[in-house]
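The structure appears right after this line, and notes come after that.
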Amino acid sequence: MGKKDMYNCLFLSITCLCILPGYDAEECVTSVFAKKRNVNVPKGGTLSLSCVVQHCGDDGWTGGWGLSTEGQFLLFSPTPRHHLSNVTLTTNRTRLLMDILNVNQSDYGMYHCQITWVEGYTSVGHMTYVNITAAIPPTSVRKVYFRVVVYVSTCLVITLVLVLGLACHIRSKVPSQPPPIPPPKPPPRSRSVRKDKPPTPKPNPKIELVYAALSKDCLEQQNPNPQREAAQPTVYSSLRLTV
């Protein structure tokens, strides 16, 4: 045997020593997971209990939830008030559930899971002491509901205010763009004279003098009877036109 083969055998031996304890640790052991607690249930309410049974794939076990009274174990059966059910978790574990509706003072006491295995021995676990309290009045339920509504509304308002404040803060940091400058409008076309232009002064009319000369011959031609009329001197007349 060479040195290399010796190392291989040593490595296999160490590996087997490390793996074998693991197989021992993963070996399934039948049991009921133990847990103790106290439960307060108001009168008229619902009591919900559950326990986990590790049966390691063995289907021959029996038992379930029960009540311990004066050293005796009373196993529950399904009734209108007692609802029993089993839920398979894995191939080795099963959860046992029990709900008791409309509880009263006779339902108080020590509850636990008791399982009887095929070998004949018994496992007990998940011991729960149940105390029945006074019934909750409807007004208290309304008060609780009102408080929940007020709390939720307050949270929504605060969230809305924070969101709006954050949006305004972000918007203030963004540089604002100047509004676009509209194109200049053309001046209106109008035939009327602008008001700011002074009126053009009108020229003063020129006064013209017209002189008319009347000769003696013209006067004699117009007068058919020159003998009757005396000779008249030449008359100059002037016309003045005013505008």
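Identifiers for the structure tokens are assigned positionally: chains receive A, B, ... in sequence, residues are indexed from 1 per chain, and ligands are indexed from 1 in the order shown.
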Run DSSP on the backbone and tell me which residues of segment 61-172 of chain A come out as strand (DSSP E or B); list them as a VMD selection string.
chain A and resid 62 to 69 72 to 75 82 to 88 93 to 100 109 to 116 122 to 133
Selection export as a CSV table (one decimal), in the first residue's frame, atoms kept: N, CA and C atoms:
chain,number,residue,atom,x,y,z
A,62,THR,N,-53.2,7.2,18.6
A,62,THR,CA,-54.5,7.8,18.9
A,62,THR,C,-54.4,8.8,20.0
A,63,GLY,N,-55.5,9.6,20.1
A,63,GLY,CA,-55.6,10.6,21.2
A,63,GLY,C,-55.9,12.0,20.6
A,64,GLY,N,-55.7,13.0,21.4
A,64,GLY,CA,-56.0,14.4,20.9
A,64,GLY,C,-56.1,15.3,22.1
A,65,TRP,N,-56.9,16.4,21.9
A,65,TRP,CA,-57.1,17.4,23.0
A,65,TRP,C,-58.1,16.9,24.0
A,66,GLY,N,-57.8,17.2,25.3
A,66,GLY,CA,-58.7,16.8,26.3
A,66,GLY,C,-58.6,17.8,27.5
A,67,LEU,N,-59.4,17.5,28.5
A,67,LEU,CA,-59.5,18.4,29.7
A,67,LEU,C,-59.2,17.5,30.9
A,68,SER,N,-58.2,18.0,31.8
A,68,SER,CA,-57.9,17.3,33.0
A,68,SER,C,-58.8,17.8,34.1
A,69,THR,N,-59.6,16.9,34.7
A,69,THR,CA,-60.5,17.3,35.8
A,69,THR,C,-60.3,16.2,36.9
A,72,GLN,N,-58.4,13.1,36.1
A,72,GLN,CA,-58.8,12.3,35.0
A,72,GLN,C,-58.7,13.2,33.7
A,73,PHE,N,-58.5,12.4,32.6
A,73,PHE,CA,-58.3,13.1,31.3
A,73,PHE,C,-59.6,12.8,30.5
A,74,LEU,N,-60.3,13.8,30.1
A,74,LEU,CA,-61.5,13.7,29.3
A,74,LEU,C,-61.2,14.1,27.9
A,75,LEU,N,-61.2,13.1,27.0
A,75,LEU,CA,-60.8,13.3,25.6
A,75,LEU,C,-62.1,13.9,24.9
A,82,HIS,N,-67.6,21.9,19.8
A,82,HIS,CA,-66.2,21.5,19.8
A,82,HIS,C,-65.9,21.1,18.4
A,83,HIS,N,-65.0,21.8,17.7
A,83,HIS,CA,-64.6,21.5,16.3
A,83,HIS,C,-63.2,21.0,16.4
A,84,LEU,N,-63.0,19.8,15.9
A,84,LEU,CA,-61.6,19.1,15.9
A,84,LEU,C,-61.2,18.9,14.5
A,85,SER,N,-59.9,19.1,14.2
A,85,SER,CA,-59.3,18.9,12.9
A,85,SER,C,-57.8,18.6,13.0
A,86,ASN,N,-57.3,17.9,12.0
A,86,ASN,CA,-55.9,17.6,11.9
A,86,ASN,C,-55.3,18.1,10.6
A,87,VAL,N,-54.1,18.7,10.7
A,87,VAL,CA,-53.4,19.3,9.6
A,87,VAL,C,-52.0,18.6,9.5
A,88,THR,N,-51.7,18.0,8.3
A,88,THR,CA,-50.4,17.3,8.1
A,88,THR,C,-49.4,18.4,7.8
A,93,ARG,N,-44.9,14.8,11.1
A,93,ARG,CA,-45.5,15.7,12.1
A,93,ARG,C,-47.0,16.0,11.6
A,94,THR,N,-47.8,16.1,12.6
A,94,THR,CA,-49.2,16.5,12.4
A,94,THR,C,-49.7,17.5,13.5
A,95,ARG,N,-50.4,18.5,13.0
A,95,ARG,CA,-50.9,19.5,14.0
A,95,ARG,C,-52.4,19.2,14.3
A,96,LEU,N,-52.7,19.2,15.6
A,96,LEU,CA,-54.1,18.9,16.1
A,96,LEU,C,-54.7,20.2,16.5
A,97,LEU,N,-55.9,20.5,16.0
A,97,LEU,CA,-56.6,21.8,16.2
A,97,LEU,C,-57.9,21.5,16.9
A,98,MET,N,-58.3,22.4,17.8
A,98,MET,CA,-59.6,22.3,18.5
A,98,MET,C,-60.1,23.8,18.7
A,99,ASP,N,-61.3,24.0,18.4
A,99,ASP,CA,-62.0,25.3,18.6
A,99,ASP,C,-63.3,25.0,19.4
A,100,ILE,N,-63.4,25.7,20.5
A,100,ILE,CA,-64.6,25.6,21.4
A,100,ILE,C,-65.4,26.9,21.2
A,109,GLY,N,-60.2,25.5,33.0
A,109,GLY,CA,-59.4,24.3,33.5
A,109,GLY,C,-58.1,24.1,32.7
A,110,MET,N,-57.5,22.9,32.9
A,110,MET,CA,-56.2,22.6,32.3
A,110,MET,C,-56.5,21.7,31.0
A,111,TYR,N,-56.1,22.2,29.9
A,111,TYR,CA,-56.2,21.5,28.6
A,111,TYR,C,-54.8,21.0,28.2
A,112,HIS,N,-54.7,19.8,27.6
A,112,HIS,CA,-53.4,19.3,27.0
A,112,HIS,C,-53.7,18.3,26.0
A,113,CYS,N,-52.7,18.0,25.2
A,113,CYS,CA,-52.7,16.9,24.2
A,113,CYS,C,-52.2,15.7,24.8
A,114,GLN,N,-52.9,14.6,24.6
A,114,GLN,CA,-52.5,13.3,25.1
A,114,GLN,C,-52.5,12.3,24.0
A,115,ILE,N,-51.4,11.7,23.7
A,115,ILE,CA,-51.3,10.7,22.5
A,115,ILE,C,-50.9,9.3,23.1
A,116,THR,N,-51.5,8.3,22.6
A,116,THR,CA,-51.2,6.9,22.9
A,116,THR,C,-50.6,6.3,21.7
A,122,THR,N,-47.8,6.5,26.6
A,122,THR,CA,-48.5,7.8,26.4
A,122,THR,C,-47.6,9.0,26.5
A,123,SER,N,-47.9,9.9,25.6
A,123,SER,CA,-47.1,11.2,25.7
A,123,SER,C,-48.1,12.3,25.9
A,124,VAL,N,-47.7,13.3,26.8
A,124,VAL,CA,-48.6,14.4,27.1
A,124,VAL,C,-47.8,15.7,26.9
A,125,GLY,N,-48.4,16.7,26.3
A,125,GLY,CA,-47.7,18.0,26.1
A,125,GLY,C,-48.7,19.1,25.8
A,126,HIS,N,-48.1,20.3,25.6
A,126,HIS,CA,-48.8,21.5,25.3
A,126,HIS,C,-49.9,21.8,26.3
A,127,MET,N,-49.6,21.8,27.6
A,127,MET,CA,-50.5,22.1,28.7
A,127,MET,C,-50.9,23.6,28.7
A,128,THR,N,-52.2,23.8,28.6
A,128,THR,CA,-52.8,25.2,28.6
A,128,THR,C,-53.8,25.4,29.6
A,129,TYR,N,-53.6,26.4,30.5
A,129,TYR,CA,-54.7,26.7,31.5
A,129,TYR,C,-55.6,27.8,30.9
A,130,VAL,N,-56.9,27.5,30.9
A,130,VAL,CA,-57.9,28.4,30.3
A,130,VAL,C,-58.7,29.0,31.4
A,131,ASN,N,-58.8,30.4,31.4
A,131,ASN,CA,-59.5,31.1,32.4
A,131,ASN,C,-60.6,31.9,31.7
A,132,ILE,N,-61.9,31.7,32.1
A,132,ILE,CA,-63.0,32.4,31.5
A,132,ILE,C,-63.3,33.7,32.2
A,133,THR,N,-63.2,34.8,31.4
A,133,THR,CA,-63.5,36.1,32.0
A,133,THR,C,-64.9,36.6,31.6
Close residues, Val103 of chain A itself excluded, 6 Å, only C-alpha atoms, min 6 positions apart in chain, as a count of residues only:
3
